[in-house]
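Q: Below is a structure I'd like to ask you about.
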Amino acid sequence: EGLSQSTVIPNVKILSQNKSVNKVVLVTIERGKLPKPEYISDKTEHIPILSKSNSIPYFGKILDFITIPKTINKFCTTFQINKIIARGAPGGALAYNLKKNWYPLFCRII
C-alpha cells in the first residue's frame, strides 16, 4: 500500500537503527495474500493481521474495528509495548480505540 511504503517503512527503518529502541513490532492489516517484507531487520518483527472486510462485505469492516484492537492488545502485552505509532485515519482510529478501551495505562499513542 502506498501510505505504508511512503511513511511507515522509512520510519520502521529509522527506529530499527536507533540504539535506544530495543524492538520494533510492525503490525499491518492485510486484505488478501500476506506480504513477505524485505525491510525487516533483526530488531523488527512483522505481524500481519488478516482483515475480515474481504470475506464479509460491509459487516467485515465493523468487525475489524471491534476485533483488531483486541488482537493488537494481545501483542502489546506480549511484547510489553510502551509506544504505538499509527499512520492514517484508520490506523489512528484503531490505536485510539485500543488506548481508550483496552490498553490505557502503559502505552503512549504517537
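As shown in the C-alpha cells, the chain order sets the letters A, B, ...; within each chain, residues go from 1, and ligands are also counted from 1 in the order they appear.
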Which residues come within 12 Å of stretch 89-93 of chain A, counting only C-alpha atoms, excluding same-chain residues fewer than 4 positions away, as a list of chain:residue names?
A: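 Non-adjacent residues within range: A:Leu3, A:Ser4, A:Val8, A:Val27, A:Thr28, A:Ile29, A:Lys61, A:Ile62, A:Asp64, A:Phe65, A:Ile66, A:Ile68, A:Pro69, A:Ile72, A:Ile84, A:Ile85, A:Asn97, A:Leu98, A:Lys99, A:Lys100, A:Asn101, A:Ile109, A:Ile110.
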Q: According to DSSP computed on the backbone, where in chain A is there alpha helix (DSSP H)? Give the residues as a count of residues only.
A: 46
Q: Measure the distance from atom CA of A:Val25 to atom CA of A:Cys76 in Å and round it to one decimal.
A: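 Between atom CA of A:Val25 and atom CA of A:Cys76 the gap works out to 9.3 Å.
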Q: Using Å and a single decimal, report how far atom CA of A:Pro10 sits from atom CA of A:Ile81.
A: 20.0 Å
Q: Within chain A, find each residue whose DSSP state, derived from the backbone, is strand (DSSP E), and express the selection as a list in words.
A: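 Filtering chain A down to strand (DSSP E) leaves Val24, Val25, Leu26, Val27, Thr28, Ile29, Glu30, Thr44, Glu45, His46, Ile47, Pro48, Ile49, Leu50, Lys83, Ile84, Arg108 and Ile109 of chain A.
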Q: Output all heavy atoms of each residue in that selection to a file, as a short mmCIF file (atom, residue, chain, number, x, y, z; two decimals), in the first residue's frame.
A:
```
data_model
loop_
_atom_site.label_atom_id
_atom_site.label_comp_id
_atom_site.auth_asym_id
_atom_site.auth_seq_id
_atom_site.Cartn_x
_atom_site.Cartn_y
_atom_site.Cartn_z
N VAL A 24 11.16 -3.23 17.38
CA VAL A 24 10.08 -2.60 16.63
C VAL A 24 9.13 -3.73 16.20
O VAL A 24 9.56 -4.69 15.57
CB VAL A 24 10.60 -1.85 15.38
CG1 VAL A 24 9.44 -1.30 14.57
CG2 VAL A 24 11.55 -0.74 15.78
N VAL A 25 7.87 -3.60 16.57
CA VAL A 25 6.86 -4.57 16.16
C VAL A 25 5.95 -3.86 15.17
O VAL A 25 5.23 -2.94 15.52
CB VAL A 25 6.05 -5.09 17.37
CG1 VAL A 25 5.00 -6.08 16.91
CG2 VAL A 25 6.97 -5.72 18.40
N LEU A 26 6.03 -4.28 13.92
CA LEU A 26 5.22 -3.70 12.85
C LEU A 26 3.98 -4.56 12.65
O LEU A 26 4.08 -5.72 12.27
CB LEU A 26 6.04 -3.63 11.55
CG LEU A 26 5.30 -3.20 10.30
CD1 LEU A 26 4.78 -1.77 10.44
CD2 LEU A 26 6.19 -3.34 9.09
N VAL A 27 2.83 -3.98 12.96
CA VAL A 27 1.56 -4.69 12.78
C VAL A 27 0.86 -4.06 11.58
O VAL A 27 0.65 -2.86 11.55
CB VAL A 27 0.67 -4.57 14.03
CG1 VAL A 27 -0.67 -5.25 13.80
CG2 VAL A 27 1.37 -5.18 15.24
N THR A 28 0.55 -4.88 10.59
CA THR A 28 -0.16 -4.40 9.41
C THR A 28 -1.47 -5.15 9.25
O THR A 28 -1.56 -6.32 9.62
CB THR A 28 0.68 -4.58 8.13
OG1 THR A 28 1.01 -5.96 7.98
CG2 THR A 28 1.95 -3.76 8.20
N ILE A 29 -2.45 -4.48 8.71
CA ILE A 29 -3.73 -5.11 8.42
C ILE A 29 -3.74 -5.42 6.93
O ILE A 29 -3.61 -4.52 6.10
CB ILE A 29 -4.90 -4.20 8.81
CG1 ILE A 29 -4.82 -3.91 10.31
CG2 ILE A 29 -6.23 -4.83 8.44
CD1 ILE A 29 -5.73 -2.82 10.78
N GLU A 30 -3.86 -6.67 6.62
CA GLU A 30 -3.74 -7.14 5.24
C GLU A 30 -5.08 -7.60 4.71
O GLU A 30 -5.86 -8.22 5.42
CB GLU A 30 -2.72 -8.27 5.15
CG GLU A 30 -1.35 -7.93 5.69
CD GLU A 30 -0.63 -6.85 4.91
OE1 GLU A 30 -1.00 -6.62 3.74
OE2 GLU A 30 0.28 -6.23 5.47
N THR A 44 13.32 -5.90 14.22
CA THR A 44 11.95 -5.68 13.77
C THR A 44 11.21 -7.00 13.60
O THR A 44 11.74 -7.94 13.04
CB THR A 44 11.93 -4.91 12.44
OG1 THR A 44 12.70 -3.72 12.58
CG2 THR A 44 10.52 -4.54 12.03
N GLU A 45 9.99 -7.02 14.07
CA GLU A 45 9.12 -8.18 13.85
C GLU A 45 7.86 -7.70 13.14
O GLU A 45 7.24 -6.73 13.56
CB GLU A 45 8.76 -8.83 15.18
CG GLU A 45 7.93 -10.06 14.98
CD GLU A 45 7.97 -10.98 16.18
OE1 GLU A 45 8.82 -10.82 17.04
OE2 GLU A 45 7.11 -11.88 16.22
N HIS A 46 7.52 -8.36 12.05
CA HIS A 46 6.32 -8.01 11.29
C HIS A 46 5.22 -8.99 11.64
O HIS A 46 5.39 -10.20 11.52
CB HIS A 46 6.61 -8.05 9.79
CG HIS A 46 5.42 -7.75 8.96
ND1 HIS A 46 5.01 -8.57 7.94
CD2 HIS A 46 4.53 -6.73 8.99
CE1 HIS A 46 3.92 -8.06 7.38
NE2 HIS A 46 3.62 -6.95 8.00
N ILE A 47 4.06 -8.43 12.07
CA ILE A 47 2.91 -9.26 12.40
C ILE A 47 1.73 -8.80 11.54
O ILE A 47 1.16 -7.75 11.79
CB ILE A 47 2.54 -9.15 13.90
CG1 ILE A 47 3.73 -9.56 14.76
CG2 ILE A 47 1.32 -9.99 14.20
CD1 ILE A 47 3.52 -9.35 16.23
N PRO A 48 1.39 -9.56 10.50
CA PRO A 48 0.24 -9.20 9.68
C PRO A 48 -1.06 -9.73 10.30
O PRO A 48 -1.09 -10.83 10.86
CB PRO A 48 0.52 -9.88 8.35
CG PRO A 48 1.39 -11.04 8.70
CD PRO A 48 2.16 -10.66 9.94
N ILE A 49 -2.09 -8.92 10.24
CA ILE A 49 -3.42 -9.33 10.69
C ILE A 49 -4.32 -9.34 9.46
O ILE A 49 -4.40 -8.36 8.73
CB ILE A 49 -3.99 -8.33 11.74
CG1 ILE A 49 -3.10 -8.27 12.97
CG2 ILE A 49 -5.41 -8.73 12.12
CD1 ILE A 49 -3.51 -7.19 13.96
N LEU A 50 -5.00 -10.45 9.24
CA LEU A 50 -5.90 -10.54 8.09
C LEU A 50 -7.22 -9.86 8.39
O LEU A 50 -7.87 -10.13 9.40
CB LEU A 50 -6.14 -12.01 7.74
CG LEU A 50 -5.01 -12.71 7.01
CD1 LEU A 50 -5.31 -14.19 6.85
CD2 LEU A 50 -4.78 -12.07 5.66
N LYS A 83 4.94 2.31 23.35
CA LYS A 83 4.59 3.38 22.41
C LYS A 83 4.00 2.77 21.15
O LYS A 83 4.49 1.77 20.65
CB LYS A 83 5.82 4.20 22.03
CG LYS A 83 6.32 5.08 23.13
CD LYS A 83 7.49 5.91 22.67
CE LYS A 83 8.09 6.68 23.80
NZ LYS A 83 8.76 5.89 24.77
N ILE A 84 2.94 3.40 20.65
CA ILE A 84 2.33 2.98 19.39
C ILE A 84 2.37 4.17 18.44
O ILE A 84 1.96 5.27 18.81
CB ILE A 84 0.86 2.54 19.59
CG1 ILE A 84 0.80 1.28 20.45
CG2 ILE A 84 0.18 2.31 18.25
CD1 ILE A 84 -0.61 0.84 20.77
N ARG A 108 1.72 4.86 25.20
CA ARG A 108 1.52 6.18 24.60
C ARG A 108 1.20 6.01 23.13
O ARG A 108 1.87 5.26 22.45
CB ARG A 108 2.80 7.02 24.73
CG ARG A 108 2.81 7.88 25.94
CD ARG A 108 4.02 8.76 26.00
NE ARG A 108 4.13 9.62 24.82
CZ ARG A 108 5.29 10.06 24.36
NH1 ARG A 108 6.41 9.73 24.94
NH2 ARG A 108 5.34 10.83 23.31
N ILE A 109 0.23 6.75 22.65
CA ILE A 109 -0.11 6.76 21.23
C ILE A 109 0.56 7.98 20.62
O ILE A 109 0.39 9.10 21.10
CB ILE A 109 -1.63 6.84 21.00
CG1 ILE A 109 -2.36 5.73 21.73
CG2 ILE A 109 -1.95 6.86 19.52
CD1 ILE A 109 -2.12 4.35 21.20
#
```
Q: I need the residue nearest A:Lys43 from this list: A:Asn18, A:Thr77, A:Thr71, A:Asn82. Use only C-alpha atoms for the distance.
A: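 With only C-alpha atoms as the atom set, the closest residue is A:Asn18.
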Q: Please indicate the distance in Å from atom CA of A:Leu15 to atom CA of A:Arg31, rounded to one decimal place.
A: 25.7 Å
Q: Just want the 10 Å neighbourhood of A:Gln17, counted on only C-alpha atoms, with same-chain residues fewer than 3 positions away dropped. Output as a list in words.
A: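 Everything that qualifies: Asn11, Val12, Lys13, Ile14, Ser20, Val21, Asn22, Ser41, Asp42, Lys43 and Thr44 of chain A.
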Q: Would you mind exporting C-alpha atoms of the selected residues as a PDB file, in the first residue's frame?
A:
```pdb
ATOM      1  CA  ASN A  11      10.143   5.141   9.988  1.00  0.00           C
ATOM      2  CA  VAL A  12      10.483   1.435  10.774  1.00  0.00           C
ATOM      3  CA  LYS A  13      13.984   1.507   9.271  1.00  0.00           C
ATOM      4  CA  ILE A  14      14.949   4.614  11.263  1.00  0.00           C
ATOM      5  CA  SER A  20      17.734   3.310  22.259  1.00  0.00           C
ATOM      6  CA  VAL A  21      14.987   1.218  20.611  1.00  0.00           C
ATOM      7  CA  ASN A  22      15.015  -2.410  21.744  1.00  0.00           C
ATOM      8  CA  SER A  41      15.793  -6.090  10.400  1.00  0.00           C
ATOM      9  CA  ASP A  42      16.956  -8.131  13.394  1.00  0.00           C
ATOM     10  CA  LYS A  43      15.215  -5.671  15.725  1.00  0.00           C
ATOM     11  CA  THR A  44      11.945  -5.676  13.773  1.00  0.00           C
TER      12      THR A  44
END
```
